[in-house]
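Please read the structure below before turning to the comments.
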Amino acid sequence: MSTINYLTDIAILLAAAVVAVPIFQSMRMGAVPGFVIAGVVVGPYGLGLIGNVEEIGQLAELGIVLLLFIIGIELNPKRLWMMRRLLFGLGTLQVVCTSAVLVLAVHYLFEVSLRIAVLIGPALALSSTAFVLQLLTENKMLTSEPGRASIAILLLQDLAVIPLLAMVSLLAMPALTLAEDLILALGEAILIIVLVILAGRYLLQPILHRVAKSHNPEVFTTSAVLLVLGAAVLMEHVGLSMAMGAFLAGLLIADSSFRHQVIAETQPFRGLLLGLFFMSMGMTLDLEQLLHQPLFLLSIVAALILLKAIVIWPLAHLFGLPGKSTLTVALLLAQSGEFALVLFTVALGVGLLEEALFQQLILVVILSMLVTPFLARLAREIEKSDHKGQAVAADQTAVEEAVLTSVIIIGFGRVGRKIGRILELAKVPFLAIDNNPTLVAQEHAQGHPVFFGDAERPAVLKAMGTEWARIAIVALDDCEVTEQLVSTLRGSFPELVILARGHDRKRCERLKILGADVTVSETLEASIELARVALTKVNTPEDDVDLFVEDFRRSYHKQHKLSDV
């Protein structure tokens, strides 16, 4: 395949995505179906604009590698522990029970060998993390009772990817029995997690710290990509999948102070390559099979959705969810997801699945995903009919979760540290970001939520969860950078409350124009505090001191027409 032809194919795919994805998003069906349909249209079973599907698919595998990497990063221990009851209770039961039912159905109803059914069942039991989270966000259900339960189940499903990826490789070894496969997959997963913890603590952190001290963003980007690809290649060489290697690389830095910066560095590659993966899936779809067996395949999809919903419904009720919320969770998670596509693609590559069965499974997964937006609308209507219960659940969630991104502190120098200590005393959760790796390492070692990152990049701020935060405090010494940050924050996060540190009155006025809600002048506050101390030293009564200070503030604000400085 020549370079020109290769670039032409990529250009055609990008053009198809630019057209299809916005159309599907405007219909609230999400980006994933848009990418898949774009691949179908330009692929060999559509208009036939692209014939080199295999070469495109090899490049697209990097999208899955990066997806698994980001999923690994998001599974940090603190987050898992906060949701431990729903995560390890409801999530585990969902995966185990749904997998068992699907394995039996696939083996006995469709006469698939038990060895292959053990792979297909758990793969179909996994739901679409990307799809469900997008729907929960659009419908503002993230903090609702069904939203929390859905997220917990999705996180456990992400964890289940580790043994499932290991099992795919082991199932490809004919010398082992099925029981040996399962035992080895579980043992291998435990061993790998232990090695990941050791490697992350003693090797990766010092290396990333040294790279960060160079203050060279290109080198940091290179290091982040090298971390992902290096782990992926290493795992492939020891007989496991590249996707599993990337997942473990993500786990390595899940509790690291560099996690947000690394996410921001790899995010652009992930978005582009993951879209390419879904398009490659669309290109491999044999539409003739769908046309020849429409009723059969649609019946399978309906049965899959119904079966998963029937299993999830009583389990959610068992964990205390109200009646209508259990049905909402069941509908939201009834589809199969992108990890099934990953597992089936890996299984096809190692020879576990035949092409015909692979085509049927991919069609079932994608069709179930296409049905999901309609199920989500039904779930939303159910939630609306139970509005009062949802409101109470959301209030309880707000108290229980204490989301770490309530306040974002940008700059953790002298001023930022003092703000952080006060927030800690008040038990107000916060995250802080600073570009000094030595300072970050010291604070992180003491258990403070301080992370390394370049806050001038919107991608880093987004990776920190700024879009979910209530307040951002810009506490930097550099006036120019502060102005740039305030402008960036206001443009990227319109609903965010921005508090900014200014040097003097003119700087504060400039920051207000750029979008800061509240500004504080260092010169004004220093003057007031020095005057307060002086009045105290000459035995002025404390009540009078407070009165004089407040009178001065009011007159100052009135004179300069500022609501706050």
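Labels used: A, B, ... for chains in the order of the structure tokens, numbers from 1 for residues in each chain, and numbers from 1 for ligands as shown.
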
So that I can check the surroundings of stretch 347-352 of chain A, please list as an mmCIF file with N, CA and C atoms, in the first residue's frame every protein, DNA and RNA residue that reaches within 9 Å of it, counting only C-alpha atoms and ignoring chain neighbours fewer than 6 positions away.
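Listing of result.cif after writing:
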```
data_model
loop_
_atom_site.group_PDB
_atom_site.id
_atom_site.type_symbol
_atom_site.label_atom_id
_atom_site.label_comp_id
_atom_site.auth_asym_id
_atom_site.auth_seq_id
_atom_site.Cartn_x
_atom_site.Cartn_y
_atom_site.Cartn_z
ATOM 1 N N ILE A 116 -15.340 -21.173 23.918
ATOM 2 C CA ILE A 116 -15.626 -19.899 23.260
ATOM 3 C C ILE A 116 -16.749 -19.161 23.989
ATOM 4 N N LEU A 119 -15.728 -16.905 26.730
ATOM 5 C CA LEU A 119 -15.228 -15.597 26.279
ATOM 6 C C LEU A 119 -16.395 -14.688 25.869
ATOM 7 N N VAL A 168 -8.200 -14.221 27.105
ATOM 8 C CA VAL A 168 -8.189 -14.366 25.646
ATOM 9 C C VAL A 168 -6.889 -15.006 25.189
ATOM 10 N N SER A 169 -5.774 -14.496 25.742
ATOM 11 C CA SER A 169 -4.471 -15.050 25.367
ATOM 12 C C SER A 169 -4.340 -16.495 25.825
ATOM 13 N N LEU A 171 -6.800 -18.691 26.449
ATOM 14 C CA LEU A 171 -7.707 -19.572 25.717
ATOM 15 C C LEU A 171 -7.147 -19.979 24.366
ATOM 16 N N ALA A 172 -6.254 -19.155 23.846
ATOM 17 C CA ALA A 172 -5.646 -19.462 22.545
ATOM 18 C C ALA A 172 -4.605 -20.572 22.650
ATOM 19 N N PHE A 358 -17.496 -13.974 14.341
ATOM 20 C CA PHE A 358 -17.029 -12.620 14.664
ATOM 21 C C PHE A 358 -17.956 -11.571 14.063
#
```

**Message:** Counting only C-alpha atoms, which residue out of A:Met281, A:Leu198, A:Ala231, A:Leu353 sits closest to A:Pro33?
**Reply:** A:Met281

**All residues 9 Å or closer to A:Val32, only C-alpha atoms, same chain fewer than 6 positions away omitted, as a ChimeraX atom specification** = /A:21,24,130-131,275,278-279,338,369-370

**Message:** So that I can see what lies close to A:Phe493, please list as number ranges by chain the residues with an atom at most 10 Å from it, counting only C-alpha atoms and leaving out residues fewer than 2 positions away in the same chain.
**Reply:** A: 458, 461-462, 466-469, 488-491, 495-498

Residues of the last selection are to be written out with C-alpha atoms, as an mmCIF file, in the first residue's frame.
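Result went into result14.cif, see below:
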```
data_model
loop_
_atom_site.group_PDB
_atom_site.id
_atom_site.type_symbol
_atom_site.label_atom_id
_atom_site.label_comp_id
_atom_site.auth_asym_id
_atom_site.auth_seq_id
_atom_site.Cartn_x
_atom_site.Cartn_y
_atom_site.Cartn_z
ATOM 1 C CA PRO A 458 -7.517 23.595 28.707
ATOM 2 C CA LEU A 461 -7.879 21.603 33.332
ATOM 3 C CA LYS A 462 -10.518 19.334 31.828
ATOM 4 C CA THR A 466 -12.735 21.485 36.224
ATOM 5 C CA GLU A 467 -15.984 21.195 34.279
ATOM 6 C CA TRP A 468 -17.537 19.582 37.384
ATOM 7 C CA ALA A 469 -15.942 21.977 39.878
ATOM 8 C CA THR A 488 -9.107 30.496 29.342
ATOM 9 C CA LEU A 489 -11.231 29.398 32.297
ATOM 10 C CA ARG A 490 -14.078 31.738 31.408
ATOM 11 C CA GLY A 491 -14.063 30.622 27.767
ATOM 12 C CA GLU A 495 -20.534 28.327 34.647
ATOM 13 C CA LEU A 496 -17.415 28.135 36.809
ATOM 14 C CA VAL A 497 -16.973 30.689 39.635
ATOM 15 C CA ILE A 498 -13.484 32.176 39.199
#
```

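The space between atom CA of A:Phe35 and atom CA of A:Ala20 spans 6.9 Å.
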
May I have the residues within 10 Å of stretch 341-344 of chain A as a tab-separated table (two decimals) with C-alpha atoms, in the first residue's frame, using only C-alpha atoms and disregarding those fewer than 5 positions away in the same chain?
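The resulting file, selection15.tsv, is reproduced below:
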```tsv
chain	number	residue	atom	x	y	z
A	61	GLU	CA	-5.67	-0.67	17.31
A	64	ILE	CA	-7.93	0.88	21.85
A	65	VAL	CA	-4.48	0.94	23.41
A	68	LEU	CA	-7.45	1.21	27.93
A	119	LEU	CA	-15.23	-15.60	26.28
A	120	ILE	CA	-18.42	-14.40	24.57
A	122	PRO	CA	-18.43	-11.95	29.83
A	123	ALA	CA	-17.65	-9.79	26.79
A	124	LEU	CA	-21.36	-9.23	26.08
A	161	VAL	CA	-11.09	-6.17	31.49
A	164	LEU	CA	-10.67	-11.04	30.40
A	165	LEU	CA	-7.77	-9.80	28.26
A	167	MET	CA	-8.04	-15.07	29.40
A	168	VAL	CA	-8.19	-14.37	25.65
A	241	SER	CA	-2.43	-8.17	24.45
A	243	ALA	CA	-4.50	-3.33	25.20
A	277	PHE	CA	-11.03	2.13	15.57
A	278	PHE	CA	-14.81	2.45	15.53
A	281	MET	CA	-15.23	-1.79	12.97
A	336	SER	CA	-23.03	-4.35	25.01
A	349	GLY	CA	-6.53	-12.06	15.84
A	350	VAL	CA	-5.34	-15.03	17.91
A	352	LEU	CA	-10.20	-18.06	18.79
A	353	LEU	CA	-13.16	-16.81	16.75
A	357	LEU	CA	-19.10	-15.78	14.26
A	358	PHE	CA	-17.03	-12.62	14.66
A	359	GLN	CA	-19.23	-10.80	12.14
A	361	LEU	CA	-21.05	-10.77	17.33
A	362	ILE	CA	-19.89	-7.38	16.03
A	363	LEU	CA	-23.30	-6.77	14.45
A	365	VAL	CA	-22.83	-5.37	19.76
A	366	ILE	CA	-23.15	-2.39	17.41
```

**Message:** Please list as an MDAnalysis selection string every residue within 12 Å of stretch 499-515 of chain A, counting only C-alpha atoms and excluding residues in the same chain fewer than 2 positions away.
**Reply:** chainID A and resid 407:411 415:416 419 470:497 517:527 556:557 559:565

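Minimum atom-to-atom distance to A:Val346, evaluated using only C-alpha atoms, belongs to A:Leu170 out of A:Leu375, A:Leu276, A:Leu170, A:Leu208.
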
**Request:** Would you list the contacts of stretch 296-298 of chain A as a list of chain:residue names, taking every protein, DNA or RNA residue within 10 Å and counting only C-alpha atoms, but skipping same-chain residues closer than 4 positions in sequence?
**Result:** A:Gln289, A:Leu290, A:Leu291, A:His292, A:Ala302, A:Ala303, A:Leu304, A:Gln360, A:Leu361, A:Leu363, A:Val364, A:Leu367, A:Ser368
